[in-house]
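S.K.: Below is the file run-v6.cif, with mmCIF, C-alpha atoms.
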```
data_input
#
loop_
_atom_site.label_atom_id
_atom_site.label_comp_id
_atom_site.auth_asym_id
_atom_site.auth_seq_id
_atom_site.Cartn_x
_atom_site.Cartn_y
_atom_site.Cartn_z
CA MET A 15 0.00 0.00 0.00
CA THR A 16 1.47 3.35 -1.05
CA ASP A 17 2.18 5.86 1.67
CA PHE A 18 0.43 8.97 0.36
CA TYR A 19 1.77 10.84 3.37
CA ASN A 20 5.31 10.58 1.97
CA GLU A 21 6.11 14.23 1.16
CA ASP A 22 8.85 13.16 -1.25
CA LEU A 23 6.44 11.49 -3.67
CA LYS A 24 6.41 13.04 -7.13
CA VAL A 25 2.71 13.78 -7.58
CA LEU A 26 0.56 14.47 -10.64
CA ASN A 27 -2.48 16.30 -9.24
CA PHE A 28 -5.63 16.57 -11.33
CA THR A 29 -7.89 19.11 -9.66
CA HIS A 30 -11.21 20.70 -10.59
CA ILE A 31 -11.09 24.07 -12.39
CA ASP A 32 -13.23 26.00 -9.89
CA PHE A 33 -12.49 27.92 -6.65
CA ASP A 34 -12.72 24.74 -4.57
CA GLY A 35 -10.51 22.83 -6.99
CA VAL A 36 -7.76 25.43 -7.24
CA THR A 37 -7.69 25.69 -3.44
CA ALA A 38 -7.44 21.90 -3.20
CA GLY A 39 -4.50 22.10 -5.61
CA ILE A 40 -2.87 24.67 -3.33
CA VAL A 41 -3.22 22.25 -0.39
CA ILE A 42 -1.50 19.47 -2.37
CA LYS A 43 1.28 21.83 -3.48
CA ASN A 44 1.88 22.83 0.14
CA TYR A 45 2.19 19.22 1.28
CA PHE A 46 4.36 17.59 -1.37
CA LYS A 47 7.77 18.85 -2.49
CA ASN A 48 7.26 17.95 -6.15
CA VAL A 49 3.82 18.47 -7.72
CA ILE A 50 2.56 18.84 -11.28
CA THR A 51 -0.89 20.46 -11.21
CA GLU A 52 -3.37 19.78 -14.02
CA GLN A 53 -6.80 21.43 -14.26
CA ILE A 54 -9.70 19.10 -15.07
CA ASN A 55 -13.42 19.47 -15.69
CA TYR A 56 -16.40 17.22 -16.37
CA GLY A 57 -16.40 15.82 -19.89
CA GLN A 58 -12.58 15.82 -20.04
CA GLU A 59 -12.10 12.33 -18.59
CA PRO A 60 -10.99 10.89 -21.98
CA GLN A 61 -7.96 13.23 -21.89
CA ILE A 62 -6.62 11.88 -18.60
CA ILE A 63 -4.93 8.72 -19.85
CA ASP A 64 -3.26 10.64 -22.69
CA LYS A 65 -1.85 13.08 -20.13
CA LEU A 66 -0.65 10.19 -17.97
CA LYS A 67 1.21 8.78 -20.97
CA LYS A 68 2.67 12.18 -21.90
CA ARG A 69 4.07 12.79 -18.41
CA ALA A 70 4.94 9.15 -17.67
CA ALA A 71 8.47 9.81 -16.44
CA GLU A 72 7.56 12.79 -14.25
CA PHE A 73 5.45 11.35 -11.41
CA GLU A 74 5.18 8.46 -8.96
CA ALA A 75 1.57 8.92 -7.81
CA VAL A 76 -1.68 10.43 -9.09
CA ILE A 77 -4.04 12.42 -6.88
CA PHE A 78 -7.46 13.67 -7.96
CA THR A 79 -8.87 16.48 -5.82
CA ASP A 80 -12.41 17.87 -5.96
CA PHE A 81 -12.98 15.59 -8.92
CA CYS A 82 -13.66 11.90 -9.43
CA PRO A 83 -13.37 10.76 -13.05
CA SER A 84 -16.29 8.73 -14.34
CA ASN A 85 -13.67 6.36 -15.79
CA ILE A 86 -11.75 6.02 -12.52
CA ARG A 87 -11.72 2.20 -12.73
CA GLU A 88 -10.14 2.37 -16.19
CA ILE A 89 -7.57 4.87 -14.92
CA GLN A 90 -6.71 2.71 -11.91
CA ASN A 91 -6.24 -0.32 -14.16
CA PHE A 92 -4.13 1.71 -16.59
CA CYS A 93 -1.87 2.87 -13.75
CA LYS A 94 -1.43 -0.73 -12.65
CA THR A 95 -0.49 -2.12 -16.05
CA TYR A 96 1.04 0.59 -18.26
CA PHE A 97 4.02 1.66 -16.14
CA PRO A 98 7.04 -0.50 -15.21
CA ILE A 99 6.02 -0.04 -11.56
CA GLU A 100 2.39 0.36 -10.52
CA ILE A 101 1.38 4.01 -10.09
CA PRO A 102 -0.94 4.49 -7.09
CA VAL A 103 -4.08 6.63 -7.44
CA LEU A 104 -5.82 8.63 -4.70
CA VAL A 105 -9.19 10.36 -5.11
CA LEU A 106 -10.48 13.00 -2.65
CA ASP A 107 -13.89 14.19 -3.83
CA HIS A 108 -17.26 15.22 -2.44
CA HIS A 109 -19.66 15.36 -5.38
CA GLU A 110 -22.86 13.42 -4.85
CA SER A 111 -22.76 12.16 -8.43
CA ALA A 112 -19.52 10.30 -7.54
CA LYS A 113 -20.94 8.34 -4.58
CA GLU A 114 -21.02 5.11 -6.58
CA TYR A 115 -17.22 5.18 -6.87
CA ASP A 116 -16.57 5.47 -3.13
CA SER A 117 -14.03 2.77 -2.21
CA PRO A 118 -11.56 3.71 0.54
CA SER A 119 -9.87 0.31 0.24
CA THR A 120 -8.79 1.26 -3.31
CA GLY A 121 -7.97 4.89 -2.48
CA VAL A 122 -11.23 6.51 -3.62
CA TYR A 123 -12.76 8.70 -0.90
CA ILE A 124 -16.10 10.39 -1.59
CA ASN A 125 -17.21 12.46 1.40
CA GLN A 126 -20.07 14.91 0.93
CA LYS A 127 -19.68 16.58 4.31
CA TYR A 128 -16.87 18.85 3.15
CA SER A 129 -15.74 20.58 -0.02
CA GLY A 130 -12.88 19.11 -2.02
CA CYS A 131 -10.26 21.46 -0.62
CA MET A 132 -11.42 20.85 2.96
CA LEU A 133 -11.15 17.09 2.39
CA ALA A 134 -7.58 17.53 1.14
CA TYR A 135 -6.81 19.85 4.06
CA LYS A 136 -8.12 17.34 6.60
CA TYR A 137 -6.54 14.33 4.90
CA PHE A 138 -3.05 15.79 4.74
CA GLY A 139 -3.31 18.17 7.69
CA ILE A 140 -3.06 15.31 10.18
CA LYS A 141 0.54 14.71 9.08
CA LYS A 142 1.81 18.20 8.34
CA ASP A 143 1.03 21.67 9.68
CA LEU A 144 -1.09 23.34 7.01
CA THR A 145 -2.81 25.84 9.29
CA HIS A 146 -1.45 28.75 7.25
CA LEU A 147 -4.03 27.66 4.62
CA LYS A 148 -6.93 27.27 7.05
CA GLU A 149 -8.62 30.61 6.37
CA LEU A 150 -8.45 30.25 2.59
CA VAL A 151 -9.73 26.66 2.78
CA THR A 152 -12.57 27.69 5.11
CA ILE A 153 -13.67 30.44 2.72
CA ALA A 154 -13.60 28.04 -0.24
CA ASN A 155 -15.51 25.43 1.76
CA ASP A 156 -18.15 28.02 2.67
CA TYR A 157 -18.61 28.98 -0.97
CA ASP A 158 -18.55 25.51 -2.49
CA LEU A 159 -21.13 24.13 -0.05
CA PHE A 160 -23.06 27.34 -0.79
CA THR A 161 -23.46 28.10 2.91
CA LEU A 162 -22.37 31.69 2.19
CA ALA A 163 -21.96 32.47 5.87
CA ASP A 164 -18.70 34.29 5.10
CA LYS A 165 -19.26 37.46 3.08
CA ARG A 166 -15.83 37.09 1.51
CA SER A 167 -16.53 33.74 -0.15
CA MET A 168 -18.50 35.15 -3.09
CA PHE A 169 -15.71 37.64 -3.83
CA TYR A 170 -12.89 35.10 -3.72
CA ASN A 171 -14.87 32.83 -6.02
CA ALA A 172 -15.38 35.71 -8.47
CA LEU A 173 -11.68 36.57 -8.26
CA SER A 174 -10.69 32.98 -9.08
CA TRP A 175 -12.75 33.09 -12.30
CA GLU A 176 -11.84 36.67 -13.19
CA MET A 177 -8.09 36.22 -12.89
CA GLY A 178 -7.89 32.55 -13.84
CA PHE A 179 -6.73 29.31 -12.26
CA ARG A 180 -2.98 29.85 -12.63
CA TRP A 181 -3.06 33.41 -11.28
CA PHE A 182 -5.17 32.45 -8.27
CA PHE A 183 -2.98 29.41 -7.60
CA ALA A 184 0.21 31.49 -7.54
CA ARG A 185 -1.36 34.44 -5.70
CA PHE A 186 -2.69 32.43 -2.74
CA LEU A 187 -0.23 29.54 -2.74
CA HIS A 188 1.14 30.48 0.68
CA GLY A 189 -2.23 31.20 2.27
CA ASN A 190 -1.86 34.96 2.62
CA ILE A 191 -5.33 36.31 1.81
CA THR A 192 -4.66 39.94 2.78
CA LEU A 193 -5.86 41.91 -0.23
CA TYR A 194 -3.72 44.37 -2.14
CA PRO A 195 -5.10 47.88 -2.84
CA GLU A 196 -5.79 47.06 -6.49
CA GLU A 197 -7.75 43.97 -5.43
CA LYS A 198 -9.85 46.06 -3.06
CA GLU A 199 -10.53 48.47 -5.91
CA TRP A 200 -11.61 45.53 -8.03
CA ILE A 201 -14.18 44.59 -5.37
CA GLN A 202 -15.85 47.97 -5.79
CA ARG A 203 -16.00 47.57 -9.57
CA TYR A 204 -17.16 44.00 -9.13
CA VAL A 205 -20.16 45.03 -7.00
CA GLN A 206 -21.22 47.61 -9.59
CA GLU A 207 -20.72 45.20 -12.51
CA VAL A 208 -22.76 42.46 -10.82
CA LYS A 209 -25.68 44.82 -10.33
CA LYS A 210 -25.49 46.06 -13.93
CA GLN A 211 -25.25 42.53 -15.33
CA TYR A 212 -28.25 41.36 -13.32
CA ASP A 213 -30.33 44.35 -14.39
CA GLU A 214 -29.56 43.63 -18.07
CA LEU A 215 -29.58 39.81 -17.97
CA PRO A 216 -31.72 38.30 -20.79
CA ILE A 217 -33.77 35.47 -19.25
CA SER A 218 -36.03 32.89 -20.91
CA ASP A 219 -38.65 31.35 -18.66
CA LEU A 220 -39.00 27.56 -18.54
CA ALA A 221 -41.72 25.27 -17.22
CA HIS A 222 -41.96 24.54 -13.48
CA LYS A 223 -40.57 27.93 -12.43
CA GLY A 224 -37.31 27.57 -14.27
CA CYS A 225 -35.23 29.88 -16.45
CA PHE A 226 -32.46 29.76 -19.04
CA TYR A 227 -29.78 32.37 -19.66
CA GLU A 228 -26.21 32.74 -20.87
CA CYS A 229 -23.62 33.91 -18.38
CA ASP A 230 -19.83 33.87 -18.65
CA ARG A 231 -19.15 36.06 -15.61
CA TYR A 232 -20.61 36.19 -12.11
CA LEU A 233 -22.64 33.03 -12.55
CA ALA A 234 -23.02 32.43 -8.81
CA GLU A 235 -24.12 36.00 -8.20
CA MET A 236 -26.79 35.79 -10.90
CA SER A 237 -27.94 32.42 -9.57
CA VAL A 238 -28.38 33.68 -6.01
CA ARG A 239 -30.36 36.70 -7.14
CA LEU A 240 -32.62 34.69 -9.45
CA SER A 241 -33.27 32.15 -6.70
CA LYS A 242 -34.38 35.00 -4.47
CA ALA A 243 -36.57 36.25 -7.35
CA GLY A 244 -38.54 32.99 -7.21
CA TYR A 245 -36.99 30.66 -9.80
CA ASP A 246 -36.82 27.05 -8.61
CA TYR A 247 -34.16 26.00 -11.10
CA GLN A 248 -31.83 27.55 -13.64
CA ILE A 249 -30.03 26.32 -16.76
CA ILE A 250 -27.08 28.54 -17.55
CA LYS A 251 -24.95 28.33 -20.67
CA HIS A 252 -21.46 28.88 -19.40
CA GLY A 253 -18.63 28.34 -21.87
CA ASN A 254 -18.78 24.80 -23.26
CA SER A 255 -21.17 23.52 -20.64
CA LEU A 256 -24.53 24.07 -19.02
CA SER A 257 -24.50 24.88 -15.32
CA LEU A 258 -27.59 23.78 -13.41
CA ARG A 259 -28.88 25.30 -10.19
CA SER A 260 -31.80 24.19 -8.03
CA ASN A 261 -33.50 26.15 -5.29
CA THR A 262 -35.77 23.36 -4.05
CA ASP A 263 -35.50 19.81 -2.71
CA LYS A 264 -38.07 18.79 -5.35
CA ILE A 265 -35.43 19.07 -8.06
CA ASP A 266 -32.42 16.83 -7.48
CA LEU A 267 -29.81 17.78 -10.08
CA VAL A 268 -27.79 14.59 -9.56
CA GLU A 269 -30.89 12.70 -10.67
CA VAL A 270 -31.40 15.16 -13.53
CA CYS A 271 -27.87 14.49 -14.80
CA ARG A 272 -28.46 10.74 -14.50
CA ILE A 273 -31.56 10.99 -16.69
CA VAL A 274 -29.79 13.25 -19.20
CA GLY A 275 -26.95 10.75 -19.33
CA LYS A 276 -23.99 13.00 -18.59
CA GLY A 277 -22.65 15.59 -16.19
CA GLY A 278 -22.81 15.57 -12.42
CA GLY A 279 -22.25 17.48 -9.22
CA HIS A 280 -24.52 18.09 -6.26
CA LYS A 281 -28.26 18.00 -5.65
CA ARG A 282 -28.52 21.78 -6.02
CA ALA A 283 -25.57 22.54 -8.29
CA ALA A 284 -24.35 20.51 -11.24
CA GLY A 285 -22.79 20.78 -14.66
CA VAL A 286 -23.58 19.19 -18.03
CA PRO A 287 -20.93 19.33 -20.80
CA ILE A 288 -21.89 20.47 -24.29
CA TYR A 289 -20.25 18.21 -26.85
CA TYR A 290 -18.93 19.60 -30.13
CA GLY A 291 -21.77 20.19 -32.59
CA GLU A 292 -24.46 19.35 -30.06
CA ASP A 293 -27.86 21.07 -30.40
CA ILE A 294 -28.06 23.21 -27.26
CA GLN A 295 -31.82 23.75 -27.55
CA LYS A 296 -32.44 20.00 -27.62
CA LEU A 297 -30.10 19.52 -24.66
CA VAL A 298 -32.01 22.16 -22.69
CA GLU A 299 -35.28 20.43 -23.59
CA LYS A 300 -33.85 17.14 -22.38
CA ILE A 301 -32.86 18.74 -19.07
CA CYS A 302 -36.34 20.26 -18.69
CA TYR A 303 -37.86 16.82 -19.25
CA ALA A 304 -35.56 15.39 -16.57
CA VAL A 305 -36.56 18.20 -14.19
CA GLU A 306 -40.24 17.42 -14.74
CA HIS A 307 -39.54 13.73 -14.15
CA THR A 308 -37.80 14.39 -10.83
CA ILE A 309 -40.65 16.68 -9.71
CA ASN A 310 -43.24 14.02 -10.56
CA TYR A 311 -41.38 10.93 -9.42
CA GLY A 312 -38.38 11.97 -7.38
CA GLY A 313 -35.64 9.38 -7.57
CA ASP A 314 -38.15 6.56 -8.06
CA ASP A 315 -40.34 6.26 -11.14
CA GLY A 316 -42.30 3.35 -9.68
CA LEU A 317 -40.82 0.77 -12.05
CA PRO A 318 -39.12 -2.42 -10.81
CA PHE A 319 -36.03 -1.78 -13.01
#
```
Take the structure in this file and express it as structure tokens.
M.R.:
Amino acid sequence: MTDFYNEDLKVLNFTHIDFDGVTAGIVIKNYFKNVITEQINYGQEPQIIDKLKKRAAEFEAVIFTDFCPSNIREIQNFCKTYFPIEIPVLVLDHHESAKEYDSPSTGVYINQKYSGCMLAYKYFGIKKDLTHLKELVTIANDYDLFTLADKRSMFYNALSWEMGFRWFFARFLHGNITLYPEEKEWIQRYVQEVKKQYDELPISDLAHKGCFYECDRYLAEMSVRLSKAGYDYQIIKHGNSLSLRSNTDKIDLVEVCRIVGKGGGHKRAAGVPIYYGEDIQKLVEKICYAVEHTINYGGDDGLPF
């Protein structure tokens, strides 16, 4: 059994592209002496094995944080058979759509109590002092679980998307979250821009108190405001994917993604990739059908299969 607490391991870390994922990557970088960090998102699982082949001589272990590949069994088998010496794989994830892969005995930990970065912090923090990262991790955990008890969490999330993964990773690598004057100035502009964007946001109403809109910036801020405006669910075109948000226990987005046949996440927040050439309108219609199904039947459609 590989000792994942060995700080000298050369690690290839695949971590989710969002605020939680980049913070999880920061935790891994603070624990191990030699880390290659790769961003990953849903729908990109087929790229993983190619990247493992490309970097074959550069790592001794693979760690997935805030992300569990849907092809994790294939990846584990590949890491056992392709390399001269078996490459161990560790998964630290919390998405409800990944529950079926939970298998601590094979190094796959799916724990929905915490965000991905908090899982990494707790897993590795028992062996090494990482308390200099505690405040950053706590803010990311607050945002990713959408508790929003910390007023700073929405801003740091926006900053991670505005400035990009690599910038955020380097900027907060050592856990110092004291803001520079220019970052404080950005907050003021950010507040004004969020209000303006919301006031001008083109929204299409959907059945069952839903809505569709396109949003490449401030997605979370728009989602919170629209939930307060009375929408029970939202489908948001965001880059090459559709982000889903639910404001009610009647609409389980993990179940919605299962019916649609792709994507995943949490009960109230999930993502569905848009494949090249795919008809977005038909995909939205398929999601709306799945929403109606979950409202009518929940997770059980009454059939014995």
S.K.: For the structure provided, state which residues fall under the PyMOL selection byres ((chain A and resi 27-39) around 7), and present them as a ChimeraX atom specification.
M.R.: /A:25-26,40-43,49-55,76-81,129-131,134,151,154-155,158,171,174,179,183
S.K.: Given the choices A:Glu59, A:Asp107, A:Glu176, A:Glu74, which gets closest to Asp230 (chain A) if the distance is worked out from all atoms listed in the file?
M.R.: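 Under the stated criterion, the closest residue is A:Glu176.
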S.K.: CA of Asp22 (chain A) to CA of Lys47 (chain A): how many Å, to one decimal?
M.R.: 5.9 Å
S.K.: Using all atoms listed in the file, determine which residues lie at most 10 Å from Met236 (chain A), disregarding the query and same-chain residues fewer than 2 positions distant; provide the list as an NGL selection string.
M.R.: :A and (208-209 or 211-213 or 215 or 227 or 229 or 231-234 or 238-242 or 250)
S.K.: What is the distance, in Å and to one decimal place, between CA of Val122 (chain A) and CA of Val105 (chain A)?
M.R.: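 Between these atoms lies a distance of 4.6 Å.
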S.K.: Take the PyMOL selection byres ((chain A and resi 197) around 12), apply it to the structure above, and return the hits as a ChimeraX atom specification.
M.R.: /A:169-170,172-174,176-177,185,191-196,198-204
S.K.: Which residue, A:Glu149, A:Asn91, A:Leu162, A:Cys82, has the smallest gap to Asp116 (chain A) when you use all atoms listed in the file?
M.R.: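 Checking each candidate against Asp116 (chain A), we get A:Cys82 as the closest.
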S.K.: How many Å separate CA of Ile309 (chain A) from CA of Lys223 (chain A)?
M.R.: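 Computed distance, CA of Ile309 (chain A) to CA of Lys223 (chain A), equals 11.6 Å.
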S.K.: At a cut-off of 10 Å, using only C-alpha atoms, what residues contact Arg166 (chain A)? Leave out same-chain residues fewer than 6 positions from it and give the result as a list in words.
M.R.: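 In the requested format, the answer is Ile153, Ala154, Asp156 and Tyr157 of chain A.
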S.K.: Looking at A:Glu235, A:Gly224, A:Cys271, A:Ala184, which one is nearest to Lys210 (chain A), with distances taken over all atoms listed in the file?
M.R.: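 Looking at the shortest contact to Lys210 (chain A), the residue is A:Glu235.
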S.K.: Of the candidates A:Ile301, A:Thr120, A:Asp266, A:Ala70, which shows the shortest atom-to-atom distance to Gln90 (chain A), using only C-alpha atoms?
M.R.: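 Of all the options, A:Thr120 lies closest to Gln90 (chain A).
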S.K.: List the residues selected by the PyMOL selection byres ((chain A and resi 277) around 12) in the file shown, writing them as a PyMOL selection string.
M.R.: chain A and resi 55-59+82-84+109-112+255-258+267-276+278-280+283-289+297+301
S.K.: Nearest to Phe46 (chain A): which of A:His252, A:Lys136, A:Lys141, A:Lys264 is it, counting all atoms listed in the file?
M.R.: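 Using all atoms listed in the file, Phe46 (chain A) sits closest to A:Lys141.
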S.K.: Can I get region 234-245 of chain A with all heavy atoms filled in, as an mmCIF file, in the frame of the given file?
M.R.:
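Saved result, part-v4.cif, follows:
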```cif
data_model
loop_
_atom_site.group_PDB
_atom_site.id
_atom_site.type_symbol
_atom_site.label_atom_id
_atom_site.label_comp_id
_atom_site.auth_asym_id
_atom_site.auth_seq_id
_atom_site.Cartn_x
_atom_site.Cartn_y
_atom_site.Cartn_z
ATOM 1 N N ALA A 234 -22.473 32.668 -10.153
ATOM 2 C CA ALA A 234 -23.020 32.430 -8.810
ATOM 3 C C ALA A 234 -23.867 33.609 -8.341
ATOM 4 O O ALA A 234 -24.931 33.430 -7.742
ATOM 5 C CB ALA A 234 -21.894 32.174 -7.818
ATOM 6 N N GLU A 235 -23.394 34.812 -8.636
ATOM 7 C CA GLU A 235 -24.120 36.000 -8.200
ATOM 8 C C GLU A 235 -25.484 36.089 -8.882
ATOM 9 O O GLU A 235 -26.489 36.430 -8.250
ATOM 10 C CB GLU A 235 -23.299 37.253 -8.510
ATOM 11 C CG GLU A 235 -22.038 37.401 -7.663
ATOM 12 C CD GLU A 235 -20.869 36.557 -8.154
ATOM 13 O OE1 GLU A 235 -21.035 35.753 -9.093
ATOM 14 O OE2 GLU A 235 -19.778 36.679 -7.588
ATOM 15 N N MET A 236 -25.516 35.778 -10.180
ATOM 16 C CA MET A 236 -26.790 35.790 -10.900
ATOM 17 C C MET A 236 -27.716 34.710 -10.349
ATOM 18 O O MET A 236 -28.919 34.930 -10.158
ATOM 19 C CB MET A 236 -26.563 35.536 -12.395
ATOM 20 C CG MET A 236 -25.702 36.578 -13.103
ATOM 21 S SD MET A 236 -26.318 38.285 -12.993
ATOM 22 C CE MET A 236 -25.148 38.970 -11.775
ATOM 23 N N SER A 237 -27.140 33.544 -10.069
ATOM 24 C CA SER A 237 -27.940 32.420 -9.570
ATOM 25 C C SER A 237 -28.590 32.735 -8.231
ATOM 26 O O SER A 237 -29.773 32.445 -8.021
ATOM 27 C CB SER A 237 -27.042 31.181 -9.443
ATOM 28 O OG SER A 237 -27.752 30.107 -8.897
ATOM 29 N N VAL A 238 -27.833 33.331 -7.335
ATOM 30 C CA VAL A 238 -28.380 33.680 -6.010
ATOM 31 C C VAL A 238 -29.521 34.673 -6.150
ATOM 32 O O VAL A 238 -30.592 34.526 -5.538
ATOM 33 C CB VAL A 238 -27.271 34.257 -5.107
ATOM 34 C CG1 VAL A 238 -27.880 34.880 -3.846
ATOM 35 C CG2 VAL A 238 -26.280 33.170 -4.717
ATOM 36 N N ARG A 239 -29.314 35.683 -6.976
ATOM 37 C CA ARG A 239 -30.360 36.700 -7.140
ATOM 38 C C ARG A 239 -31.622 36.138 -7.794
ATOM 39 O O ARG A 239 -32.741 36.472 -7.392
ATOM 40 C CB ARG A 239 -29.805 37.881 -7.962
ATOM 41 C CG ARG A 239 -28.879 38.784 -7.149
ATOM 42 C CD ARG A 239 -27.996 39.643 -8.039
ATOM 43 N NE ARG A 239 -27.239 40.607 -7.271
ATOM 44 C CZ ARG A 239 -26.161 40.303 -6.549
ATOM 45 N NH1 ARG A 239 -25.740 39.047 -6.485
ATOM 46 N NH2 ARG A 239 -25.521 41.237 -5.871
ATOM 47 N N LEU A 240 -31.457 35.271 -8.774
ATOM 48 C CA LEU A 240 -32.620 34.690 -9.450
ATOM 49 C C LEU A 240 -33.354 33.702 -8.552
ATOM 50 O O LEU A 240 -34.580 33.578 -8.632
ATOM 51 C CB LEU A 240 -32.187 34.021 -10.751
ATOM 52 C CG LEU A 240 -31.797 35.010 -11.855
ATOM 53 C CD1 LEU A 240 -31.082 34.297 -12.998
ATOM 54 C CD2 LEU A 240 -33.030 35.739 -12.383
ATOM 55 N N SER A 241 -32.611 33.018 -7.683
ATOM 56 C CA SER A 241 -33.270 32.150 -6.700
ATOM 57 C C SER A 241 -34.143 32.972 -5.770
ATOM 58 O O SER A 241 -35.287 32.603 -5.463
ATOM 59 C CB SER A 241 -32.227 31.364 -5.904
ATOM 60 O OG SER A 241 -31.545 30.441 -6.717
ATOM 61 N N LYS A 242 -33.612 34.111 -5.344
ATOM 62 C CA LYS A 242 -34.380 35.000 -4.470
ATOM 63 C C LYS A 242 -35.580 35.604 -5.203
ATOM 64 O O LYS A 242 -36.586 35.956 -4.580
ATOM 65 C CB LYS A 242 -33.482 36.109 -3.930
ATOM 66 C CG LYS A 242 -32.435 35.616 -2.932
ATOM 67 C CD LYS A 242 -31.557 36.761 -2.452
ATOM 68 C CE LYS A 242 -30.529 36.261 -1.438
ATOM 69 N NZ LYS A 242 -29.618 37.352 -0.980
ATOM 70 N N ALA A 243 -35.470 35.694 -6.550
ATOM 71 C CA ALA A 243 -36.570 36.250 -7.350
ATOM 72 C C ALA A 243 -37.677 35.228 -7.589
ATOM 73 O O ALA A 243 -38.704 35.567 -8.186
ATOM 74 C CB ALA A 243 -36.030 36.753 -8.687
ATOM 75 N N GLY A 244 -37.464 33.971 -7.142
ATOM 76 C CA GLY A 244 -38.540 32.990 -7.210
ATOM 77 C C GLY A 244 -38.357 31.846 -8.186
ATOM 78 O O GLY A 244 -39.240 30.993 -8.317
ATOM 79 N N TYR A 245 -37.214 31.773 -8.877
ATOM 80 C CA TYR A 245 -36.990 30.660 -9.800
ATOM 81 C C TYR A 245 -36.523 29.431 -9.022
ATOM 82 O O TYR A 245 -35.613 29.507 -8.209
ATOM 83 C CB TYR A 245 -35.949 31.049 -10.851
ATOM 84 C CG TYR A 245 -36.466 32.030 -11.871
ATOM 85 C CD1 TYR A 245 -36.135 33.386 -11.807
ATOM 86 C CD2 TYR A 245 -37.296 31.602 -12.904
ATOM 87 C CE1 TYR A 245 -36.620 34.286 -12.742
ATOM 88 C CE2 TYR A 245 -37.785 32.505 -13.852
ATOM 89 C CZ TYR A 245 -37.440 33.834 -13.761
ATOM 90 O OH TYR A 245 -37.924 34.732 -14.690
#
```
